[in-house]
Amino acid sequence: MVKCSDLLKGLTYECVKGSVDVAVSEVINDSRKAVEDCLFVCIEGANFDGHSAAAEVVGRGARVLVVSRTVSLPKDAAVTVIRVADTRYAMAFIAANYYGNPADSMKIIGVTGTKGKTTTAYLVKYILEKAGYRVGLVGTIEAIIGDRVIPALNTTPEALTLQRYFREMKDAGCEVAVMEASSQGFMLHRTQGFVFDYGIFTNIEPDHIGPNEHADFEDYVACKAMLFRQCRVGIVNCDDKHWQDIIRNHTCRIETYGFSEEADLRASDLKLVTGAGFLGIDFKVSGLLDMEIETDIPGKFSAYNALTAIAICRHFGVKEEDIKRALAGATVKGRIEMVRVSEDFTLMIDYAHNAMALESLLTTLREYHPNRLVCLFGCGGNRSKLRRYEMGEVSGRLADLSIITSDNPRFEEPQDIIEDIKTGIARTSGQYVEICDRREAIRYAITHGRKGDIIVLAGKGHEDYQEIKGKKYPMDERVLIKEILEELKQG
């Protein structure tokens, strides 16, 4: 049990009923999980307003309600009611206090941006662990706490979940937590209640704009910029044209990185490297550090991701040789992840699942001058048809051959989705084949690979399932590739 007043530390509030001296057993924000003596935070969500469940949770034994407006309760309800301006904001502080403010005794790294968050977070984790640190991770793919891997529902989880992860990381001996900090996470105050030691900005482009996300690009930028009023040191990509907007009104110390001569940490002399079945980059680092970097991750944006990781890890006293050694062998699941299948051509798996990401990926791979650039992809069901037209057009324009297949059809027919993709490809002169079964499409790509080809399996990335008619079936492209190669070996 913990005293209510202790949970409210750091908040401005009004106790409109009862006393803050009561003790509570748990903190929850899901009315279905209400238990005896709990504190219930009334959250106004997209589909349900917790204020409407106030009487219900009190009937199930809730001892404290945290509200932002008047709620209807029985006159004899023995409950404490705390009123705050914003219950989401309050929940972040309550959660941090409930779990003992674990972030205060770890180094917390927050990575924000439109692209590169996931790769950067994993690179940082990889480098720091090679240097002897114990590192937890919270991101788009998963949360990693010691040996535990927890699949992610949101890039930045709700404050109660995030603080629980921090507590578990601390208890597992983690010294550092690196997390992807999404614009939604900032907008919904999930990252309040603690201070990031390092805040990192990768880049920003129009994205996540719509009825349930951001009203416009300005709002998207403003939410990303919140990180630099919640961190001690801000590390920003000064090559991005919006970087000055991102750090406007910042309260932290700022460092810059990029290819610009003005950057504090600079990359230059970028060289594309091609080998038997792999692609990579070499570049020189100067400014705050001076070293040569070689990685097996292709493309200029990979140089940015690596440079971002270097900019962070130098603050942890990681030796230059350890950084170089770690980056030389680093891979990130589903992010330009190369899978060795042949000495003749290169095959990779990537999560690019919209037109912007696919165009960036294919444009980067074009710079390696492949014999053919082959793009295997599909589109998700129960999503905008416009995305299908756009992805079809991008692949038709940039790939020498598109292999159109199924992704997550959900409640749509896969062939109907393929027909929409073909509408986009028809706007180009690009060649394509359609193979509805994704496993057979991958088999086709492998068996028809030619010397010097680059083959991209786009859209699934880290996912290890295929969603059909409301059910998720196991499907990991790495497993499919292994099975196909074994079958081919056996003739």
# chains A, B, ... in the order shown; residues from 1 in each chain; ligands from 1
>>> residues_around(residues="segment 53-67 of chain A", least_positions_apart="6", cutoff="6 Å", atoms="only C-alpha atoms", output="list in words")
Ala34, Val35, Glu36, Asp37, Cys38, Leu39, Phe40, Val41, Cys42, Leu73, Val79, Thr80, Val81, Ile82 and Arg83 of chain A
>>> write_last_selection(atoms="N, CA and C atoms", output="mmCIF file, in the first residue's frame")
data_model
loop_
_atom_site.group_PDB
_atom_site.id
_atom_site.type_symbol
_atom_site.label_atom_id
_atom_site.label_comp_id
_atom_site.auth_asym_id
_atom_site.auth_seq_id
_atom_site.Cartn_x
_atom_site.Cartn_y
_atom_site.Cartn_z
ATOM 1 N N ALA A 34 -10.310 -2.691 -12.174
ATOM 2 C CA ALA A 34 -10.474 -2.058 -10.852
ATOM 3 C C ALA A 34 -10.476 -3.105 -9.744
ATOM 4 N N VAL A 35 -9.735 -2.814 -8.676
ATOM 5 C CA VAL A 35 -9.656 -3.729 -7.532
ATOM 6 C C VAL A 35 -9.828 -2.931 -6.246
ATOM 7 N N GLU A 36 -9.982 -3.635 -5.159
ATOM 8 C CA GLU A 36 -10.176 -3.018 -3.845
ATOM 9 C C GLU A 36 -9.025 -2.069 -3.519
ATOM 10 N N ASP A 37 -9.360 -0.866 -3.093
ATOM 11 C CA ASP A 37 -8.403 0.144 -2.620
ATOM 12 C C ASP A 37 -7.494 0.694 -3.721
ATOM 13 N N CYS A 38 -7.876 0.563 -4.962
ATOM 14 C CA CYS A 38 -7.018 1.067 -6.035
ATOM 15 C C CYS A 38 -7.235 2.567 -6.252
ATOM 16 N N LEU A 39 -6.270 3.177 -6.949
ATOM 17 C CA LEU A 39 -6.416 4.544 -7.454
ATOM 18 C C LEU A 39 -6.733 4.420 -8.933
ATOM 19 N N PHE A 40 -7.834 5.015 -9.377
ATOM 20 C CA PHE A 40 -8.257 4.920 -10.765
ATOM 21 C C PHE A 40 -8.118 6.285 -11.435
ATOM 22 N N VAL A 41 -7.356 6.321 -12.524
ATOM 23 C CA VAL A 41 -7.176 7.549 -13.292
ATOM 24 C C VAL A 41 -8.189 7.548 -14.435
ATOM 25 N N CYS A 42 -9.043 8.559 -14.471
ATOM 26 C CA CYS A 42 -10.087 8.655 -15.502
ATOM 27 C C CYS A 42 -9.496 9.280 -16.768
ATOM 28 N N LEU A 73 -21.362 10.288 -8.855
ATOM 29 C CA LEU A 73 -21.078 9.262 -7.850
ATOM 30 C C LEU A 73 -22.249 9.158 -6.870
ATOM 31 N N VAL A 79 -14.966 7.708 -1.115
ATOM 32 C CA VAL A 79 -13.870 7.748 -2.083
ATOM 33 C C VAL A 79 -13.238 9.134 -2.075
ATOM 34 N N THR A 80 -11.942 9.166 -2.295
ATOM 35 C CA THR A 80 -11.228 10.437 -2.452
ATOM 36 C C THR A 80 -11.232 10.807 -3.931
ATOM 37 N N VAL A 81 -11.560 12.060 -4.227
ATOM 38 C CA VAL A 81 -11.584 12.535 -5.616
ATOM 39 C C VAL A 81 -10.560 13.657 -5.771
ATOM 40 N N ILE A 82 -9.603 13.429 -6.670
ATOM 41 C CA ILE A 82 -8.539 14.401 -6.948
ATOM 42 C C ILE A 82 -8.788 14.989 -8.330
ATOM 43 N N ARG A 83 -8.862 16.323 -8.383
ATOM 44 C CA ARG A 83 -9.083 16.968 -9.679
ATOM 45 C C ARG A 83 -7.791 17.602 -10.172
#
>>> residues_around(residues="segment 286-302 of chain A", least_positions_apart="2", cutoff="6 Å", atoms="only C-alpha atoms", output="list in words")
Asp264, Leu265, Arg266, Leu279, Gly280, Ile281, Asp282, Phe283, Lys284, Tyr304, Asn305, Lys324, Leu327, Ala328 and Thr364 of chain A
>>> write_last_selection(atoms="N, CA and C atoms", output="PDB file, in the first residue's frame")
ATOM      1  N   ASP A 264      28.736  19.638 -34.940  1.00  0.00           N
ATOM      2  CA  ASP A 264      29.748  19.349 -33.916  1.00  0.00           C
ATOM      3  C   ASP A 264      30.399  17.993 -34.165  1.00  0.00           C
ATOM      4  N   LEU A 265      29.606  17.028 -34.619  1.00  0.00           N
ATOM      5  CA  LEU A 265      30.115  15.702 -34.965  1.00  0.00           C
ATOM      6  C   LEU A 265      29.757  15.474 -36.431  1.00  0.00           C
ATOM      7  N   ARG A 266      30.770  15.295 -37.282  1.00  0.00           N
ATOM      8  CA  ARG A 266      30.554  15.309 -38.722  1.00  0.00           C
ATOM      9  C   ARG A 266      30.906  13.981 -39.378  1.00  0.00           C
ATOM     10  N   LEU A 279      25.886  -5.423 -48.749  1.00  0.00           N
ATOM     11  CA  LEU A 279      26.144  -4.024 -49.071  1.00  0.00           C
ATOM     12  C   LEU A 279      26.534  -3.314 -47.787  1.00  0.00           C
ATOM     13  N   GLY A 280      27.315  -2.254 -47.905  1.00  0.00           N
ATOM     14  CA  GLY A 280      27.701  -1.526 -46.712  1.00  0.00           C
ATOM     15  C   GLY A 280      28.097  -0.105 -47.026  1.00  0.00           C
ATOM     16  N   ILE A 281      28.606   0.595 -45.997  1.00  0.00           N
ATOM     17  CA  ILE A 281      29.092   1.960 -46.146  1.00  0.00           C
ATOM     18  C   ILE A 281      30.344   2.150 -45.296  1.00  0.00           C
ATOM     19  N   ASP A 282      31.220   3.000 -45.777  1.00  0.00           N
ATOM     20  CA  ASP A 282      32.363   3.474 -45.009  1.00  0.00           C
ATOM     21  C   ASP A 282      32.271   4.990 -44.952  1.00  0.00           C
ATOM     22  N   PHE A 283      32.668   5.586 -43.838  1.00  0.00           N
ATOM     23  CA  PHE A 283      32.722   7.048 -43.775  1.00  0.00           C
ATOM     24  C   PHE A 283      33.684   7.485 -42.678  1.00  0.00           C
ATOM     25  N   LYS A 284      34.060   8.753 -42.747  1.00  0.00           N
ATOM     26  CA  LYS A 284      34.981   9.331 -41.777  1.00  0.00           C
ATOM     27  C   LYS A 284      34.196  10.176 -40.788  1.00  0.00           C
ATOM     28  N   TYR A 304      23.718   8.098 -41.251  1.00  0.00           N
ATOM     29  CA  TYR A 304      23.100   8.981 -40.253  1.00  0.00           C
ATOM     30  C   TYR A 304      22.784   8.212 -38.969  1.00  0.00           C
ATOM     31  N   ASN A 305      22.186   7.016 -39.124  1.00  0.00           N
ATOM     32  CA  ASN A 305      21.840   6.221 -37.940  1.00  0.00           C
ATOM     33  C   ASN A 305      23.085   5.880 -37.133  1.00  0.00           C
ATOM     34  N   LYS A 324      33.795   1.180 -33.255  1.00  0.00           N
ATOM     35  CA  LYS A 324      34.069   0.695 -34.611  1.00  0.00           C
ATOM     36  C   LYS A 324      33.769  -0.794 -34.734  1.00  0.00           C
ATOM     37  N   LEU A 327      29.857  -1.397 -34.610  1.00  0.00           N
ATOM     38  CA  LEU A 327      29.156  -0.994 -35.836  1.00  0.00           C
ATOM     39  C   LEU A 327      29.488  -1.893 -37.009  1.00  0.00           C
ATOM     40  N   ALA A 328      30.679  -2.466 -37.012  1.00  0.00           N
ATOM     41  CA  ALA A 328      31.061  -3.346 -38.120  1.00  0.00           C
ATOM     42  C   ALA A 328      30.191  -4.598 -38.174  1.00  0.00           C
ATOM     43  N   THR A 364      17.903   4.650 -52.224  1.00  0.00           N
ATOM     44  CA  THR A 364      19.205   4.347 -51.623  1.00  0.00           C
ATOM     45  C   THR A 364      19.862   3.154 -52.309  1.00  0.00           C
TER      46      THR A 364
END
>>> closest_residue(among="A:Pro474, A:Pro102, A:Gly275, A:Gly334", to="Ile141 of chain A", atoms="only C-alpha atoms")
A:Gly334
>>> select_by_dssp(residues="segment 245-309 of chain A", states="strand (DSSP E or B)", output="ChimeraX atom specification")
/A:253-258,265-275,278-287,291-295
>>> residues_around(residues="Arg383 of chain A", least_positions_apart="3", cutoff="12 Å", atoms="only C-alpha atoms", output="list in words")
His353, Asn354, Cys379, Gly380, Leu386, Arg387, Arg388, Tyr389, Asp407, Asn408, Pro409, Arg410, Phe411, Glu412, Ile417 and Asp420 of chain A
>>> residues_around(residues="Tyr165 of chain A", least_positions_apart="6", cutoff="9 Å", atoms="only C-alpha atoms", output="PyMOL selection string")
chain A and resi 136+138+143-145
>>> write_last_selection(atoms="C-alpha atoms", output="PDB file, in the first residue's frame")
ATOM      1  CA  GLY A 136      17.069  -1.973 -21.534  1.00  0.00           C
ATOM      2  CA  VAL A 138      11.559   0.232 -25.331  1.00  0.00           C
ATOM      3  CA  ALA A 143      10.661  -3.990 -25.047  1.00  0.00           C
ATOM      4  CA  ILE A 144      13.813  -5.787 -23.887  1.00  0.00           C
ATOM      5  CA  ILE A 145      14.412  -6.155 -20.143  1.00  0.00           C
TER       6      ILE A 145
END
>>> closest_residue(among="A:Ser395, A:Thr155, A:Thr274, A:Ser105", to="Phe377 of chain A", atoms="only C-alpha atoms")
A:Ser395
>>> closest_residue(among="A:Ile109, A:Leu361, A:Leu123, A:Met348", to="His315 of chain A", atoms="only C-alpha atoms")
A:Ile109
>>> residues_around(residues="segment 171-181 of chain A", least_positions_apart="2", cutoff="6 Å", atoms="only C-alpha atoms", output="PyMOL selection string")
chain A and resi 106-112+117+134-139+156+168-169
>>> write_last_selection(atoms="C-alpha atoms", output="compact mmCIF listing (two decimals), in the first residue's frame")
# COMPACT_ATOMS: atom_id res chain seq x y z
CA MET A 106 19.34 5.15 -14.69
CA LYS A 107 20.51 7.04 -17.76
CA ILE A 108 17.50 7.49 -20.05
CA ILE A 109 17.98 8.01 -23.79
CA GLY A 110 15.03 9.15 -25.94
CA VAL A 111 15.17 8.94 -29.73
CA THR A 112 12.59 10.85 -31.77
CA LYS A 117 14.32 5.72 -34.42
CA ARG A 134 23.47 -3.36 -19.13
CA VAL A 135 20.85 -1.75 -21.35
CA GLY A 136 17.07 -1.97 -21.53
CA LEU A 137 15.09 -1.00 -24.64
CA VAL A 138 11.56 0.23 -25.33
CA GLY A 139 10.56 0.55 -28.96
CA THR A 156 5.94 4.61 -26.69
CA GLU A 168 11.82 -3.90 -14.05
CA MET A 169 14.93 -2.69 -15.92
>>> residues_around(residues="His250 of chain A", least_positions_apart="5", cutoff="10 Å", atoms="only C-alpha atoms", output="list in words")
Ala225, Met226, Leu227, Phe228, Arg229, Gln230, Cys231, Arg232, Gly234 and Asp245 of chain A
>>> residues_around(residues="Gly392 of chain A", least_positions_apart="2", cutoff="7 Å", atoms="only C-alpha atoms", output="list in words")
Arg388, Tyr389, Glu390, Val394, Ser395, Gly396, Ile421, Lys422, Gly424 and Ile425 of chain A
